[in-house]
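J.: I have a structure here, written as structure tokens, and I will follow up with some questions on it.
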Amino acid sequence: MFATMAMMVASIVMSALDRVATYANHLDEERSRETLVGAIQTFEHQLGATLLDYTAWDDAAVNAYDNQDMAWMISNFGDMTFDSDLFDVAIVLDAQGRPMMAYADGQPIDGGAEGYLTPTLMGLFESVRSGTSGLVPQALGFVRTQKGIGSAGVALIRPKSGDIGQPPEKFVYLSFIRHLSPPTVKRISEAYVLPGLDLIPPSSNKTSVTISAPSGEPVASLAWTPRAPGDQSREQVKPLITAALVIIVIYCLLLVVIGNAEMRRVRADEADAVKLAQTDRLSGLLNRAGLNQLLEDEVQRGREAGEDVVLLYLDLDGFKEVNDAYGHATGDRLIRAVAAGLSVLVGENAGLARIGGDEFGIVLTGREAQARASKLAESILAFFDEPVLLGERTVVVGCSIGICVSEGGIVDGGELTRRADMAMYSSKDGGRGRSTVYDPRMDEERETRNQMEIDLRGAIARGEIEVVYQPVVDAKTFSLVSVEALARWNRKGHGAVSPDVFIPIAETSGLIDQLGLCVLRRSLQQLAHWPDLKLSVNVSPGQFRDPSFVDHVACVFDEADIEPGRVVLEMTETYFIQSPDRARLAMERLRALGLRIALDDFGAGFSSVGYLRQFGFDRMKIDRSLVQSLDRGHRAVEMLQATVALARSLGIPVTAEGVETEQQAVILRLAGCDQLQGYLFGRPQSPEEIASLMLRPMELRAKAAELAFAGSRDGAMLV
């Protein structure tokens, strides 16, 4: 019975191999066909590009129209046909299509050019002369000449500016022909891996591609010898199948003769021990050791069978918050629920492991592993779109996925894991809740980012971080009342680096504490020279998380001997949402030093009224997006007025960012903003420029802006 079943399985496998071989042959033929079509198009496009270079040429236009120098044309067109890979025939035609010069293979064409000026080529000439060839006076197509089949092109000789300055009856045209000679066909065969490529008469053979003239008439075909990779693979696998059947028979005989209960028990115990060592106790899935062993086995098998191995690296988004909010018991139940859901999605034809914490790995193998991985990733992301019910609690978590492929098993298990992990972090950096396939550029980006981190660390240590200041003015008088300190970095050997680039690097690398204190220290030293100004300094959520942050700030103020009441620390709402209790404690300690706290970028994120009341900010800064929307009309103005009214009802003064026009400035002042900031009053500037700005009277400009706004309002431009 076992032998019969084995033969049935062998028959099924052989049938499957036949189908795979046939399909592989078909795929190879289609690939070769598409490659050859692209090669023919490239052949034609190369001639067109060459013709364009030679005809849209100021020197050619001068010698064709002004000098009428035929010797120049022979030297630059005719002589170039000798042993050239670009074109082997060059013919200069007058406006009536008569040849003025005709060269082939570096020699003049004897007896005129009738063997080359075929009806097809003259049709190309006519389309260019009549202007039906399009915006570029050039036409291309395959023709049959006395020399054979080739790509031909006709174009008008003209200066690059396009202004010939001659009547159409004096226009001169240039025609190039590049023939499909045997050496050329051989080069195409070698370049595009098309064995046995040959130029034959028009044919409908399935392993050939027809070359047609512009009229659609077939002029020749390029045929190749199919490689039949499916047949070759089938012949290689047949001995393995035969050997497998023999091994099965021998194994059955040995099992009957020498098998005994003790051996079965020993083997069972050994298998249980290995399985236990490679199993995660919480989820029941493979653990990291099990995944590593599985990858080694599958990669080795992939190398032998020429099959792909794909690893999906999953990390849960928001798992830490669930653990912190509900405790580790709930976190454990969440892990078991996720493991059960993934087991259903993955199925039996893949390996699933819990690598550790909230990370999972999925291993897929086979010829279609990449397509299966893509579909599986979509299913997993859809699975995490739904909330997870854990007893009486409902939690919502996301998932970031990294995918890496070991094509034919060429990448070992350890490197495969590293690349998939890198792709997973790329998904997190890209916004989470998505899948990303590993790209070698990720290693380059990681190296570039690491080098930038090293340079940034050195720049902070050497005091190379510069501080510039953006003016903040009084909304009524436009007079300078405060400045906002902003960090700038001029990286050695690279130039200025945008804050949008190096600030995130500082936050992720832990350098934000040093960078923030560096900016604060430098700006306080400068503030000592501006006794009439106040200062605003941005504080990153990363700085706020440092338990020693307040102590460091206190030390900086002691060193600078600056009154803390002149300084406002600007913070976004991110950290207040994530850790409200810790944020409240840190704010209380900062206020005890005499500092004031401003909520930055209000209106760009969550913008909760509850947080305004709960934390009692000393100032609110309206995000530039609300200011820029004022140009849209009444609704935007009303929204701004409501926002400012909300802040003032809570006793919070308001600063508006991103002010770029005087009209916006007056609207913001009328809405109740007491301070304004934006390019209207100045970009981030050096201390010297700020000192000059302090001496500039602004009251007249404020009055003029108010009068202009009143006039525009009377003219019904804005209500």
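Lettering and numbering for the structure tokens are positional, with chains as A, B, ... in the shown order, residues counted from 1 in each chain, and ligands counted from 1 in the shown order.
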List as a PyMOL selection string the protein and nucleic acid residues near range 292-304 of chain A, meaning an atom at most 10 Å away when only C-alpha atoms are counted, but skip any in the same chain fewer than 6 places from it.
T.: chain A and resi 278+286+310-311+351-353+355+362-367+406-414+416-417
J.: May I have the residues within 9 Å of Ile667 in chain A as a list of chain:residue names, using only C-alpha atoms and disregarding those fewer than 5 positions away in the same chain?
T.: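 Returned residues: A:Leu630, A:Val637, A:Glu662, A:Gly672, A:Phe709.
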J.: Run DSSP on the backbone and grab whatever in range 158-343 of chain A lands in strand (DSSP E); send it over as an MDAnalysis selection string.
T.: chainID A and resid 173:179 198:200 208:212 218:223 308:317
J.: Name all residues at most 10 Å from range 140-152 of chain A (count only C-alpha atoms; drop same-chain ones fewer than 5 positions away) and give them as a PyMOL selection string.
T.: chain A and resi 40-41+43-48+51+87-90+104+113-121+123-125+128+133+175-181+199+211-221
J.: Using DSSP on the backbone coordinates, identify the residues of range 309-408 of chain A assigned to helix (DSSP H, G or I); present them as a PyMOL selection string.
T.: chain A and resi 319-326+328-346+369-384+407-408
J.: Show which residues sit within 7 Å of Asn538 in chain A, as number ranges by chain. Count only C-alpha atoms, and ignore same-chain residues fewer than 3 positions away.
T.: A: 569-571
J.: List the neighbours of Gly162 in chain A out to 10 Å using only C-alpha atoms; skip same-chain residues closer than 4 positions along the sequence, and give me the result as a list of chain:residue names.
T.: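 Skipping anything fewer than 4 positions along the chain leaves A:Ala56, A:Trp57, A:Asp58, A:Ala61, A:Val136, A:Ile157, A:Arg158.
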J.: Can I get the selection written as a CSV table (one decimal), in the first residue's frame, with all heavy atoms?
T.:
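Below you can see result20.csv, which holds the result:
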```
chain,number,residue,atom,x,y,z
A,56,ALA,N,20.2,69.0,-35.4
A,56,ALA,CA,19.9,70.2,-34.5
A,56,ALA,C,21.3,70.7,-34.1
A,56,ALA,O,21.7,70.6,-32.9
A,56,ALA,CB,19.0,69.8,-33.4
A,57,TRP,N,22.0,71.2,-35.0
A,57,TRP,CA,23.5,71.6,-34.8
A,57,TRP,C,23.7,72.9,-35.5
A,57,TRP,O,23.5,73.0,-36.7
A,57,TRP,CB,24.3,70.4,-35.4
A,57,TRP,CG,25.8,70.5,-35.1
A,57,TRP,CD1,26.4,71.4,-34.3
A,57,TRP,CD2,26.8,69.7,-35.8
A,57,TRP,NE1,27.7,71.2,-34.4
A,57,TRP,CE2,28.0,70.1,-35.2
A,57,TRP,CE3,26.7,68.7,-36.7
A,57,TRP,CZ2,29.2,69.5,-35.6
A,57,TRP,CZ3,27.9,68.1,-37.1
A,57,TRP,CH2,29.2,68.5,-36.5
A,58,ASP,N,24.2,73.8,-34.8
A,58,ASP,CA,24.4,75.2,-35.4
A,58,ASP,C,25.5,75.1,-36.5
A,58,ASP,O,25.3,75.8,-37.5
A,58,ASP,CB,24.9,76.1,-34.3
A,58,ASP,CG,23.8,76.4,-33.2
A,58,ASP,OD1,22.6,76.2,-33.6
A,58,ASP,OD2,24.2,76.9,-32.1
A,61,ALA,N,23.9,73.8,-39.6
A,61,ALA,CA,23.0,74.7,-40.3
A,61,ALA,C,23.8,75.8,-41.0
A,61,ALA,O,23.4,76.2,-42.1
A,61,ALA,CB,22.1,75.4,-39.2
A,136,VAL,N,9.0,67.7,-33.6
A,136,VAL,CA,10.4,67.6,-34.0
A,136,VAL,C,10.4,67.2,-35.5
A,136,VAL,O,9.8,66.2,-35.9
A,136,VAL,CB,11.1,66.5,-33.2
A,136,VAL,CG1,12.6,66.4,-33.7
A,136,VAL,CG2,11.1,66.9,-31.7
A,157,ILE,N,17.9,69.7,-41.2
A,157,ILE,CA,19.1,70.4,-40.7
A,157,ILE,C,18.7,71.8,-40.2
A,157,ILE,O,18.1,72.6,-41.0
A,157,ILE,CB,20.2,70.4,-41.7
A,157,ILE,CG1,20.6,69.0,-42.1
A,157,ILE,CG2,21.4,71.2,-41.1
A,157,ILE,CD1,21.7,68.9,-43.1
A,158,ARG,N,19.0,72.1,-38.9
A,158,ARG,CA,18.5,73.3,-38.3
A,158,ARG,C,19.4,73.7,-37.2
A,158,ARG,O,20.0,72.9,-36.6
A,158,ARG,CB,17.1,73.2,-37.8
A,158,ARG,CG,16.9,72.1,-36.7
A,158,ARG,CD,15.6,71.6,-36.7
A,158,ARG,NE,15.4,70.6,-35.6
A,158,ARG,CZ,15.7,69.3,-35.7
A,158,ARG,NH1,16.3,68.8,-36.8
A,158,ARG,NH2,15.5,68.5,-34.7
```
J.: Quick one, how far is CA of Phe602 in chain A from CA of Thr572 in chain A?
T.: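 Taking CA of Phe602 in chain A and CA of Thr572 in chain A, their separation equals 7.9 Å.
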